[in-house]
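Participant: Pasting a structure here, questions to come.
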Amino acid sequence: IMVTARRVDESLQDVPLTVNVVTDKKLKDLNLFNGSDLAAVVPGLNFAPTTPGNTPTLGLRGAARGAAGGRLDPTVQTYMNEAPVTNVMVYQALYDIGQVEVLRGPQSTLFGKNASAGIISLVTAEPKSEFGGTLEASYGNRSAIILKGDITGPITETLAYSIAGNYNKRDGYGRDL
């Protein structure tokens, strides 16, 4: 398994950090739909509900990210393709994600932001060098409709594209994720 825990591609076995990796295959095999489902496969990761209308609190190694003294406590940071993003990105659908890397412990030297508990890094799937795509549709209880799709292909010999989308609707409410 290749990871970018130290900002370079390297084998997970060569990384001197505690890293949990959830690959795209595992995401699909275990039917993990969003970030809060990761708590079932990553030890020490939890998503605690908060007041209605607010984003749930993200915790790692017993330390939670949340409001502290009128500011946001940065104990757990979230990244997508090595760029810092808000916690909300972790609660989105995990569609077209290549892998999720959870790094435990202080990570400020490599990622530039204080993260005393650790980092959750989402890595999107790589575009393919040949044209292709998928489309999935399902219907379930409570009038659930779930549509997922992606298109990928080359633009030039060294440049490719990938576009993905996900739509989820149930009984009177809809979410575009």
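Every chain in the structure tokens has a letter given in the order shown (A, B, ...), and although residue numbers restart at 1 in each chain, ligands are simply numbered from 1 in the order shown.
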Leaving out region 35-48 of chain A and any residue of its chain fewer than 4 positions from it, which residues lie within 10 Å of it when counting only C-alpha atoms, given as a PyMOL selection string?
Facilitator: chain A and resi 19-22+26-27+30-31+55-64+87-94+100-102+104+120+122
Participant: For Glu136 (chain A), which residue among A:Tyr79, A:Tyr161, A:Tyr167, A:Phe33 is the nearest when counting only C-alpha atoms?
Facilitator: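 Counting only C-alpha atoms, the residue closest to Glu136 (chain A) is A:Tyr167.
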Participant: Output as a PyMOL selection string all residues of region 8-64 of chain A that backbone DSSP marks as strand (DSSP E or B).
Facilitator: chain A and resi 10-11+19-23+34+45-48+57-60+63-64
Participant: Taking the backbone alone, and naming residues the way the document does, which bits of chain A are helix (DSSP H, G or I) by DSSP, as number ranges by chain?
Facilitator: A: 12-14, 24-29, 35-40, 87-91, 108-111, 141-143
Participant: Take the residues from that selection and put them in a file with C-alpha atoms, as a PDB file, in the first residue's frame.
Facilitator:
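Output file out.pdb is given in full below:
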ATOM      1  CA  LEU A  12       3.215   1.994   4.251  1.00  0.00           C
ATOM      2  CA  GLN A  13       5.857  -0.347   5.704  1.00  0.00           C
ATOM      3  CA  ASP A  14       8.548   2.330   5.316  1.00  0.00           C
ATOM      4  CA  ASP A  24     -11.041   2.246  -2.236  1.00  0.00           C
ATOM      5  CA  LYS A  25     -11.531  -1.528  -2.387  1.00  0.00           C
ATOM      6  CA  LYS A  26     -12.211  -1.679   1.359  1.00  0.00           C
ATOM      7  CA  LEU A  27     -14.574   1.313   1.112  1.00  0.00           C
ATOM      8  CA  LYS A  28     -16.572  -0.564  -1.536  1.00  0.00           C
ATOM      9  CA  ASP A  29     -16.360  -4.016   0.086  1.00  0.00           C
ATOM     10  CA  GLY A  35     -16.820   9.668   6.762  1.00  0.00           C
ATOM     11  CA  SER A  36     -18.719   8.746   9.899  1.00  0.00           C
ATOM     12  CA  ASP A  37     -18.695   5.122   8.677  1.00  0.00           C
ATOM     13  CA  LEU A  38     -14.884   5.166   8.963  1.00  0.00           C
ATOM     14  CA  ALA A  39     -15.179   4.915  12.764  1.00  0.00           C
ATOM     15  CA  ALA A  40     -16.149   1.256  12.288  1.00  0.00           C
ATOM     16  CA  ASN A  87     -14.310  19.053   8.780  1.00  0.00           C
ATOM     17  CA  VAL A  88     -17.448  19.029   6.651  1.00  0.00           C
ATOM     18  CA  MET A  89     -15.527  17.287   3.853  1.00  0.00           C
ATOM     19  CA  VAL A  90     -15.159  14.177   6.036  1.00  0.00           C
ATOM     20  CA  TYR A  91     -18.951  13.936   6.419  1.00  0.00           C
ATOM     21  CA  SER A 108       2.398  20.027  12.378  1.00  0.00           C
ATOM     22  CA  THR A 109       5.882  19.654  10.891  1.00  0.00           C
ATOM     23  CA  LEU A 110       4.716  17.984   7.677  1.00  0.00           C
ATOM     24  CA  PHE A 111       1.321  19.564   7.118  1.00  0.00           C
ATOM     25  CA  ASN A 141     -36.804   1.814   1.721  1.00  0.00           C
ATOM     26  CA  ARG A 142     -38.207   5.256   2.590  1.00  0.00           C
ATOM     27  CA  SER A 143     -38.275   6.004  -1.142  1.00  0.00           C
TER      28      SER A 143
END
Participant: When distances are computed from only C-alpha atoms, which of A:Glu82, A:Asp9, A:Asp96, A:Glu130 shows the smallest separation from Gly149 (chain A)?
Facilitator: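 With only C-alpha atoms as the atom set, the closest residue is A:Asp96.
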Participant: So what do you get for CA of Lys169 (chain A) versus CA of Ile146 (chain A), distance-wise?
Facilitator: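 Separation between CA of Lys169 (chain A) and CA of Ile146 (chain A): 6.5 Å.
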Participant: Please provide as an MDAnalysis selection string all residues within 9 Å of Pro84 (chain A), with the sequence filter that same-chain residues fewer than 3 positions apart are discarded (counting only C-alpha atoms).
Facilitator: chainID A and resid 77:81 111 113 121
Participant: Write a file of the selected residues as a short mmCIF file (atom, residue, chain, number, x, y, z; two decimals), in the first residue's frame, keeping all heavy atoms.
Facilitator:
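Final file, selection_34.cif:
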data_model
loop_
_atom_site.label_atom_id
_atom_site.label_comp_id
_atom_site.auth_asym_id
_atom_site.auth_seq_id
_atom_site.Cartn_x
_atom_site.Cartn_y
_atom_site.Cartn_z
N GLN A 77 -7.01 17.66 12.15
CA GLN A 77 -7.11 18.40 10.89
C GLN A 77 -7.56 17.45 9.78
O GLN A 77 -7.27 16.26 9.83
CB GLN A 77 -5.76 19.01 10.52
CG GLN A 77 -5.30 20.10 11.43
CD GLN A 77 -6.13 21.37 11.31
OE1 GLN A 77 -6.84 21.59 10.34
NE2 GLN A 77 -6.05 22.20 12.32
N THR A 78 -8.23 18.01 8.79
CA THR A 78 -8.66 17.22 7.64
C THR A 78 -8.05 17.81 6.37
O THR A 78 -7.94 19.02 6.22
CB THR A 78 -10.20 17.21 7.53
OG1 THR A 78 -10.69 18.55 7.55
CG2 THR A 78 -10.82 16.44 8.69
N TYR A 79 -7.64 16.91 5.48
CA TYR A 79 -7.00 17.29 4.23
C TYR A 79 -7.61 16.50 3.08
O TYR A 79 -8.02 15.36 3.26
CB TYR A 79 -5.49 16.99 4.27
CG TYR A 79 -4.72 17.93 5.15
CD1 TYR A 79 -4.69 17.78 6.52
CD2 TYR A 79 -4.03 18.99 4.59
CE1 TYR A 79 -4.00 18.66 7.32
CE2 TYR A 79 -3.32 19.88 5.38
CZ TYR A 79 -3.32 19.70 6.75
OH TYR A 79 -2.63 20.58 7.54
N MET A 80 -7.66 17.12 1.91
CA MET A 80 -8.05 16.42 0.69
C MET A 80 -6.96 16.69 -0.33
O MET A 80 -6.67 17.85 -0.65
CB MET A 80 -9.39 16.88 0.15
CG MET A 80 -9.77 16.15 -1.13
SD MET A 80 -11.46 16.42 -1.64
CE MET A 80 -12.26 15.18 -0.66
N ASN A 81 -6.33 15.62 -0.80
CA ASN A 81 -5.20 15.72 -1.72
C ASN A 81 -4.15 16.70 -1.20
O ASN A 81 -3.66 17.55 -1.93
CB ASN A 81 -5.67 16.12 -3.12
CG ASN A 81 -6.50 15.04 -3.76
OD1 ASN A 81 -6.38 13.87 -3.43
ND2 ASN A 81 -7.38 15.42 -4.66
N PHE A 111 2.53 19.04 7.74
CA PHE A 111 1.32 19.56 7.12
C PHE A 111 1.11 21.06 7.34
O PHE A 111 0.19 21.63 6.80
CB PHE A 111 0.11 18.77 7.61
CG PHE A 111 0.05 17.39 7.02
CD1 PHE A 111 0.69 16.33 7.63
CD2 PHE A 111 -0.63 17.16 5.83
CE1 PHE A 111 0.66 15.06 7.08
CE2 PHE A 111 -0.66 15.90 5.27
CZ PHE A 111 -0.01 14.85 5.90
N LYS A 113 -0.06 22.88 9.72
CA LYS A 113 -1.08 23.33 10.67
C LYS A 113 -0.99 22.44 11.89
O LYS A 113 -0.73 21.26 11.79
CB LYS A 113 -2.48 23.21 10.06
CG LYS A 113 -2.75 24.20 8.94
CD LYS A 113 -4.14 24.06 8.42
CE LYS A 113 -5.05 24.95 9.23
NZ LYS A 113 -6.41 24.98 8.70
N SER A 121 -6.63 12.30 6.05
CA SER A 121 -6.30 12.73 4.70
C SER A 121 -7.10 11.92 3.68
O SER A 121 -6.97 10.70 3.62
CB SER A 121 -4.80 12.53 4.46
OG SER A 121 -4.47 12.89 3.14
#
Participant: What's the separation between CA of Arg170 (chain A) and CA of Ile97 (chain A), in Å to one decimal place?
Facilitator: 23.4 Å
Participant: What is the CA of Ile145 (chain A) to CA of Asn168 (chain A) distance in Å?
Facilitator: 5.9 Å
